[in-house]
>>> print(open('data-v4.cif').read())   # mmCIF, C-alpha atoms and all ligand atoms
data_model
loop_
_atom_site.label_atom_id
_atom_site.label_comp_id
_atom_site.auth_asym_id
_atom_site.auth_seq_id
_atom_site.Cartn_x
_atom_site.Cartn_y
_atom_site.Cartn_z
CA MET L 1 84.05 112.13 117.20
CA SER L 2 83.48 111.97 120.98
CA ALA L 3 86.44 112.20 123.37
CA LYS L 4 85.74 108.59 124.38
CA ALA L 5 85.75 107.42 120.78
CA MET L 6 88.91 109.45 120.13
CA GLY L 7 90.57 107.76 123.11
CA ALA L 8 89.64 104.31 121.84
CA TRP L 9 90.90 105.21 118.38
CA ALA L 10 94.22 106.54 119.73
CA MET L 11 94.65 103.39 121.80
CA ARG L 12 94.01 101.19 118.79
CA VAL L 13 96.61 103.07 116.76
CA ASP L 14 99.15 102.62 119.58
CA VAL L 15 98.48 98.92 119.84
CA ASP L 16 98.69 98.54 116.06
CA ALA L 17 101.94 100.53 115.95
CA ALA L 18 103.48 98.32 118.64
CA ASP L 19 102.44 95.17 116.80
CA MET L 20 103.48 96.47 113.42
CA PRO L 21 106.71 94.98 112.10
CA PHE L 22 109.23 97.60 111.10
CA LEU L 23 109.52 96.27 107.56
CA HIS L 24 106.82 94.04 106.15
CA LEU L 25 106.83 92.35 102.76
CA ASP L 26 103.36 91.02 102.17
CA ALA L 27 103.10 88.31 99.47
CA VAL L 28 105.48 90.26 97.27
CA SER L 29 106.12 89.11 93.71
CA PHE L 30 108.32 90.69 91.10
CA ALA L 31 109.13 89.98 87.45
CA TYR L 32 111.41 91.99 85.21
CA PRO L 33 109.31 92.86 82.14
CA GLY L 34 109.31 89.93 79.73
CA PHE L 35 110.92 87.54 82.24
CA ALA L 36 109.63 84.88 84.61
CA PRO L 37 109.06 86.05 88.23
CA GLN L 38 112.28 86.45 90.22
CA VAL L 39 110.49 86.92 93.56
CA ARG L 40 107.42 84.78 94.17
CA SER L 41 104.76 85.64 96.74
CA LEU L 42 107.33 86.26 99.44
CA THR L 43 106.28 87.32 102.93
CA LEU L 44 108.78 88.62 105.47
CA SER L 45 108.53 90.70 108.65
CA LEU L 46 111.50 92.42 110.19
CA PRO L 47 111.01 93.50 113.82
CA VAL L 48 112.70 96.69 115.05
CA GLY L 49 116.33 96.34 116.02
CA THR L 50 116.84 92.86 114.61
CA VAL L 51 119.17 91.41 111.99
CA HIS L 52 117.54 89.12 109.42
CA CYS L 53 119.97 87.32 107.12
CA LEU L 54 118.93 85.92 103.76
CA VAL L 55 121.17 83.20 102.43
CA GLY L 56 120.83 81.63 99.01
CA ARG L 57 122.59 80.67 95.83
CA SER L 58 123.61 83.18 93.22
CA GLY L 59 120.65 84.13 91.04
CA CYS L 60 117.91 83.14 93.51
CA GLY L 61 116.59 86.73 93.76
CA LYS L 62 118.35 88.18 96.82
CA THR L 63 119.39 91.49 95.27
CA THR L 64 115.98 91.88 93.64
CA LEU L 65 114.38 91.38 97.05
CA LEU L 66 116.58 94.06 98.66
CA LYS L 67 115.70 96.50 95.87
CA LEU L 68 112.02 95.81 96.50
CA ALA L 69 112.52 96.41 100.23
CA ALA L 70 114.29 99.70 99.46
CA GLY L 71 111.50 100.86 97.16
CA LEU L 72 113.95 100.90 94.20
CA LEU L 73 111.72 98.35 92.43
CA GLN L 74 107.94 98.20 92.69
CA PRO L 75 106.35 94.80 93.28
CA THR L 76 104.22 93.35 90.49
CA ALA L 77 101.99 91.88 93.22
CA GLY L 78 101.79 92.23 96.99
CA ARG L 79 103.12 95.22 98.94
CA VAL L 80 106.14 96.48 100.83
CA LEU L 81 105.47 98.45 104.02
CA LEU L 82 108.04 100.36 106.02
CA ARG L 83 106.47 101.42 109.33
CA GLY L 84 103.15 100.80 107.67
CA HIS L 85 103.85 102.93 104.56
CA ARG L 86 105.37 102.44 101.15
CA PRO L 87 109.12 103.18 101.41
CA CYS L 88 109.63 106.56 99.74
CA ASP L 89 112.06 108.52 101.91
CA PRO L 90 115.67 107.62 101.01
CA ARG L 91 116.80 108.86 104.45
CA GLU L 92 114.96 105.95 106.06
CA VAL L 93 117.08 103.35 104.29
CA GLY L 94 120.84 102.79 104.18
CA PHE L 95 121.96 100.56 101.32
CA VAL L 96 125.37 98.91 101.03
CA PHE L 97 126.06 97.24 97.71
CA GLN L 98 128.24 94.23 97.10
CA SER L 99 131.15 96.32 95.85
CA PRO L 100 131.88 99.36 98.04
CA THR L 101 130.95 101.81 95.18
CA LEU L 102 133.08 104.62 96.62
CA LEU L 103 133.78 107.65 94.45
CA ASP L 104 137.49 107.63 93.52
CA TRP L 105 137.80 111.40 93.34
CA LEU L 106 136.41 112.07 96.81
CA SER L 107 138.34 111.68 100.05
CA VAL L 108 137.21 109.09 102.58
CA ARG L 109 135.49 111.80 104.65
CA ASP L 110 133.71 113.23 101.58
CA ASN L 111 132.60 109.74 100.54
CA VAL L 112 131.02 109.27 103.97
CA LEU L 113 129.40 112.71 103.69
CA LEU L 114 127.91 111.94 100.26
CA PRO L 115 124.32 111.28 101.49
CA VAL L 116 124.34 114.82 102.93
CA SER L 117 126.21 116.59 100.13
CA LEU L 118 123.74 115.21 97.57
CA GLN L 119 121.08 117.27 99.35
CA ARG L 120 122.87 120.31 100.79
CA ARG L 121 126.24 121.71 101.81
CA PRO L 122 127.59 119.66 104.75
CA GLN L 123 127.69 121.56 108.05
CA PRO L 124 130.31 121.19 110.80
CA ALA L 125 127.93 118.84 112.66
CA ASP L 126 127.80 116.57 109.58
CA VAL L 127 131.59 116.47 109.41
CA ARG L 128 131.73 115.63 113.13
CA ALA L 129 129.22 112.79 112.58
CA ALA L 130 131.27 111.44 109.66
CA ASP L 131 134.50 111.62 111.65
CA ALA L 132 132.86 109.91 114.65
CA LEU L 133 131.81 107.00 112.43
CA LEU L 134 135.28 106.76 110.92
CA GLU L 135 136.71 106.74 114.43
CA GLN L 136 134.32 103.94 115.50
CA LEU L 137 135.42 101.93 112.48
CA GLY L 138 139.15 102.43 113.12
CA LEU L 139 139.63 104.84 110.21
CA ALA L 140 140.15 108.13 112.05
CA THR L 141 143.60 108.62 110.52
CA HIS L 142 142.35 107.83 106.99
CA ALA L 143 139.76 110.61 106.60
CA THR L 144 141.76 112.59 104.05
CA ARG L 145 142.93 109.59 102.02
CA TYR L 146 141.34 108.48 98.78
CA PRO L 147 139.64 105.12 98.17
CA ARG L 148 142.55 103.78 96.06
CA GLN L 149 144.79 104.24 99.11
CA LEU L 150 142.65 101.87 101.23
CA SER L 151 142.55 98.09 101.59
CA GLY L 152 139.36 96.20 100.64
CA GLY L 153 138.32 95.94 104.29
CA GLN L 154 138.84 99.66 104.82
CA GLN L 155 136.77 100.44 101.72
CA SER L 156 133.96 98.24 103.05
CA ARG L 157 134.07 100.13 106.33
CA VAL L 158 133.81 103.47 104.51
CA ALA L 159 130.78 102.19 102.58
CA LEU L 160 129.24 101.10 105.89
CA ALA L 161 129.98 104.50 107.48
CA ARG L 162 128.34 106.22 104.49
CA ALA L 163 125.23 104.06 104.84
CA LEU L 164 125.04 104.85 108.58
CA LEU L 165 125.67 108.62 108.36
CA LEU L 166 122.03 109.69 108.31
CA GLN L 167 121.22 107.13 111.04
CA PRO L 168 118.70 105.27 108.87
CA PRO L 169 116.46 103.00 110.92
CA LEU L 170 116.69 100.35 108.17
CA LEU L 171 119.91 99.00 106.68
CA LEU L 172 119.85 96.83 103.56
CA LEU L 173 123.17 95.11 102.97
CA ASP L 174 123.88 93.17 99.78
CA GLU L 175 126.82 90.82 100.31
CA PRO L 176 128.84 93.80 101.54
CA PHE L 177 131.79 91.75 102.77
CA ALA L 178 131.90 89.06 100.07
CA ALA L 179 135.23 90.22 98.66
CA LEU L 180 137.05 90.30 102.00
CA ASP L 181 139.46 87.77 103.45
CA ALA L 182 138.12 85.71 106.36
CA ILE L 183 139.97 87.60 109.11
CA THR L 184 138.96 91.06 107.90
CA ARG L 185 135.41 89.88 107.28
CA GLU L 186 135.09 88.73 110.88
CA GLU L 187 136.32 92.11 112.14
CA VAL L 188 133.91 94.06 109.94
CA GLN L 189 131.03 91.76 110.93
CA ARG L 190 131.69 92.57 114.59
CA ASP L 191 131.87 96.30 113.76
CA LEU L 192 128.53 96.02 111.99
CA LEU L 193 126.81 94.30 114.93
CA ARG L 194 128.24 96.79 117.43
CA LEU L 195 127.15 99.82 115.42
CA CYS L 196 123.70 98.48 114.54
CA ARG L 197 122.91 97.30 118.06
CA GLY L 198 124.15 100.61 119.46
CA ARG L 199 121.69 102.46 117.19
CA GLY L 200 118.81 99.99 117.31
CA ALA L 201 118.91 99.71 113.51
CA SER L 202 116.95 96.97 111.75
CA VAL L 203 119.01 95.08 109.21
CA LEU L 204 118.23 92.90 106.21
CA PHE L 205 121.53 91.27 105.28
CA VAL L 206 122.01 89.24 102.11
CA THR L 207 124.83 86.77 101.83
CA HIS L 208 125.74 83.47 100.25
CA ASP L 209 128.01 82.66 103.22
CA ILE L 210 126.28 80.36 105.73
CA ALA L 211 128.64 81.12 108.63
CA GLU L 212 128.21 84.86 108.07
CA ALA L 213 124.42 84.51 108.09
CA VAL L 214 124.43 82.47 111.31
CA PHE L 215 126.93 84.74 113.06
CA LEU L 216 125.06 87.96 112.24
CA GLY L 217 121.44 86.92 112.13
CA ASP L 218 118.84 86.97 114.87
CA ARG L 219 116.92 85.15 112.17
CA VAL L 220 118.24 83.38 109.08
CA SER L 221 116.08 82.57 106.07
CA VAL L 222 117.08 80.33 103.22
CA MET L 223 116.03 81.68 99.84
CA ALA L 224 115.68 79.59 96.69
CA ASP L 225 114.07 80.37 93.37
CA GLY L 226 112.55 83.67 94.53
CA ALA L 227 110.97 82.35 97.74
CA LEU L 228 111.91 81.78 101.38
CA VAL L 229 112.06 78.02 101.86
CA ARG L 230 112.92 77.96 105.59
CA SER L 231 113.57 80.37 108.44
CA PHE L 232 115.49 79.82 111.67
CA GLU L 233 115.11 81.90 114.84
CA LEU L 234 118.60 81.97 116.32
CA GLY L 235 118.60 84.57 119.08
CA ARG L 236 122.01 85.96 120.03
CA ASP L 237 123.80 83.06 121.72
CA HIS L 238 125.50 81.72 118.62
CA GLY L 239 129.04 83.06 118.80
CA LEU L 240 131.49 81.71 116.23
CA GLY L 241 132.42 78.08 116.84
CA THR L 242 129.98 77.42 119.70
CA PRO L 243 127.87 74.22 119.55
CA ALA L 244 124.78 76.39 118.86
CA PHE L 245 126.62 78.05 115.97
CA VAL L 246 127.73 74.74 114.44
CA ALA L 247 124.24 73.24 114.83
CA ALA L 248 122.62 76.27 113.19
CA CYS L 249 125.10 76.14 110.28
CA THR L 250 124.25 72.46 109.76
CA GLN L 251 120.52 73.23 109.68
CA VAL L 252 121.01 76.01 107.15
CA ARG L 253 123.24 73.77 105.01
CA GLU L 254 120.53 71.13 104.98
CA ALA L 255 117.85 73.66 104.07
CA LEU L 256 120.06 74.75 101.15
CA GLY L 257 120.21 71.13 100.03
CA LEU L 258 123.95 70.83 100.63
CA GLU L 259 125.32 67.41 101.52
CA GLU L 260 127.53 67.11 104.60
CA ALA L 261 131.07 66.14 103.59
CA THR L 262 131.78 62.47 104.28
CA ALA L 263 135.06 61.41 105.87
N1 LIG K 1 117.42 93.74 84.96
C1 LIG K 1 117.15 92.43 84.84
N2 LIG K 1 116.41 91.95 83.81
C2 LIG K 1 116.11 90.64 83.70
N3 LIG K 1 116.49 89.70 84.61
C3 LIG K 1 117.24 90.13 85.65
C4 LIG K 1 117.61 91.50 85.83
N4 LIG K 1 118.35 91.60 86.96
C5 LIG K 1 118.43 90.35 87.46
N5 LIG K 1 117.78 89.48 86.69
C6 LIG K 1 117.63 88.03 86.91
O1 LIG K 1 116.90 87.87 88.13
C7 LIG K 1 117.38 86.73 88.83
C8 LIG K 1 117.69 87.13 90.25
O2 LIG K 1 118.74 88.07 90.23
P1 LIG K 1 119.33 88.65 91.57
O3 LIG K 1 118.21 89.18 92.40
O4 LIG K 1 120.40 89.62 91.20
O5 LIG K 1 119.93 87.33 92.26
P2 LIG K 1 120.97 87.17 93.46
O6 LIG K 1 121.20 88.51 94.08
O7 LIG K 1 120.35 86.17 94.38
O8 LIG K 1 122.24 86.62 92.86
C9 LIG K 1 118.58 86.20 88.06
O9 LIG K 1 118.16 85.09 87.32
C10 LIG K 1 118.97 87.34 87.16
O10 LIG K 1 119.50 86.87 85.97
MG MG K 2 122.95 89.62 94.25
#
>>> encode(input="data-v4.cif", output="C-alpha cells")
Amino acid sequence: MSAKAMGAWAMRVDVDAADMPFLHLDAVSFAYPGFAPQVRSLTLSLPVGTVHCLVGRSGCGKTTLLKLAAGLLQPTAGRVLLRGHRPCDPREVGFVFQSPTLLDWLSVRDNVLLPVSLQRRPQPADVRAADALLEQLGLATHATRYPRQLSGGQQSRVALARALLLQPPLLLLDEPFAALDAITREEVQRDLLRLCRGRGASVLFVTHDIAEAVFLGDRVSVMADGALVRSFELGRDHGLGTPAFVAACTQVREALGLEEATA
C-alpha cells in the first residue's frame, strides 16, 4: 500500500474510532432456549463517559440486557460491540449485581481486591488502590471488617469499590441500590456520579426507580417487554427537585404508562 493510501486509511480509522460509540448494541435479540424472546431487536449506543439509565418494570428484560452487554450471554440475533469488538475481556467491564454479593469470609479490603486476587497475588499497589477507593467512599476505617459488620449502604459501597478496582471503562449496574433507604441511596448515587465522572467511565445503569434514573442519567430509556419504548436526553442540569428533574420524571412516568395521581 502506498504511503498516501496508508495515510488515508489511518485517517479513516481515526474518524471511525471517534464516531464509534463506546458500547453498541445493534438490533440485539435474545431468547432463553425454549422460551419466547426476552430482548427484542434492541439497539442502544452508549457514548464514552456517559450514564445511560434503563428503567422498566420487573421482568421486562433489564438484567438479561446487562448480561448481553457484558458478554455473559450471547445474542440470538444482532451483535454487541464494545469499542468495535465483541466484549471478551472481563477487565473491561465492572458489574454490580442487585445484591452486593460480597464474600462473607473475606475482609472488606479483600473483597475489593477480589478481581485482582482471582488472577494473581495482590501487590502493594493493588492494596493502595483498594484503600484509596475505600477512602473515597467513606470506608477507610472499615477495611479490616467483614461484610456482616457493615450496613446495607456500606456493603453497596464495597461492591461498587470492587467493580471500580481495575478501572474498567464500562460499568454495568443492575439495581445496585434497590435495597437501600432513600437517604443512603441518595448518598451512594452521588458517590457513584463523582467516581464515574472522575474516571470518565461509561455506565449502563438498570433501575425500576424513576427518580434514580432521572437523577443519574445523561440519558434515560424506558424498557418494556424486551424493547426500548422511549429515550430521553437529559443532560446534567437535572438536580433532585429542580423543575427540570420533576418534568423529566413526569415524562418517564408517562412513557411507563403510569397515571398521575389525582387529588
Ligand atoms: N434462565 C432463564 N430461563 C428462562 N427465562 C428466564 C431466565 N432468566 C430470566 N428469564 C425470564 O426473562 C424475563 C426477563 O428477565 P430479567 O431480564 O431478569 O428481567 P428484569 O431484570 O427486567 O426484572 C422474565 O420473564 C424472566 O422470567
Ligand atoms: Mg433484574
>>> closest_residue(input="data-v4.cif", among="L:Ser156, L:Thr76, L:Ser202, L:Gln38", to="ligand LIG 1 (chain K)", atoms="all atoms listed in the file")
L:Gln38
>>> closest_residue(input="data-v4.cif", among="L:Lys62, L:Arg120, L:Arg157, L:His24", to="Glu135 of chain L", atoms="only C-alpha atoms")
L:Arg157
>>> residues_around(input="data-v4.cif", residues="Pro21 of chain L", least_positions_apart="3", cutoff="8 Å", atoms="all atoms listed in the file", output="list in words")
His24, Ser45, Leu46, Pro47, Val48 and Arg83 of chain L
>>> write_last_selection(input="data-v4.cif", atoms="C-alpha atoms", output="mmCIF file, keeping the file's coordinate frame")
data_model
loop_
_atom_site.group_PDB
_atom_site.id
_atom_site.type_symbol
_atom_site.label_atom_id
_atom_site.label_comp_id
_atom_site.auth_asym_id
_atom_site.auth_seq_id
_atom_site.Cartn_x
_atom_site.Cartn_y
_atom_site.Cartn_z
ATOM 1 C CA HIS L 24 106.820 94.040 106.150
ATOM 2 C CA SER L 45 108.530 90.700 108.650
ATOM 3 C CA LEU L 46 111.500 92.420 110.190
ATOM 4 C CA PRO L 47 111.010 93.500 113.820
ATOM 5 C CA VAL L 48 112.700 96.690 115.050
ATOM 6 C CA ARG L 83 106.470 101.420 109.330
#
>>> residues_around(input="data-v4.cif", residues="segment 163-171 of chain L", least_positions_apart="5", cutoff="7 Å", atoms="all atoms listed in the file", output="number ranges by chain")
L: 91-96, 112, 129-130, 201-204
>>> closest_residue(input="data-v4.cif", among="L:Gly241, L:Gly226, L:Gly84, L:Pro147", to="ligand LIG 1 (chain K)", atoms="all atoms listed in the file")
L:Gly226
>>> residues_near_ligand(input="data-v4.cif", ligand="ligand MG 2 (chain K)", cutoff="9 Å", atoms="all atoms listed in the file", output="MDAnalysis selection string")
chainID L and resid 58:64 66 97:98 174:175 206:207
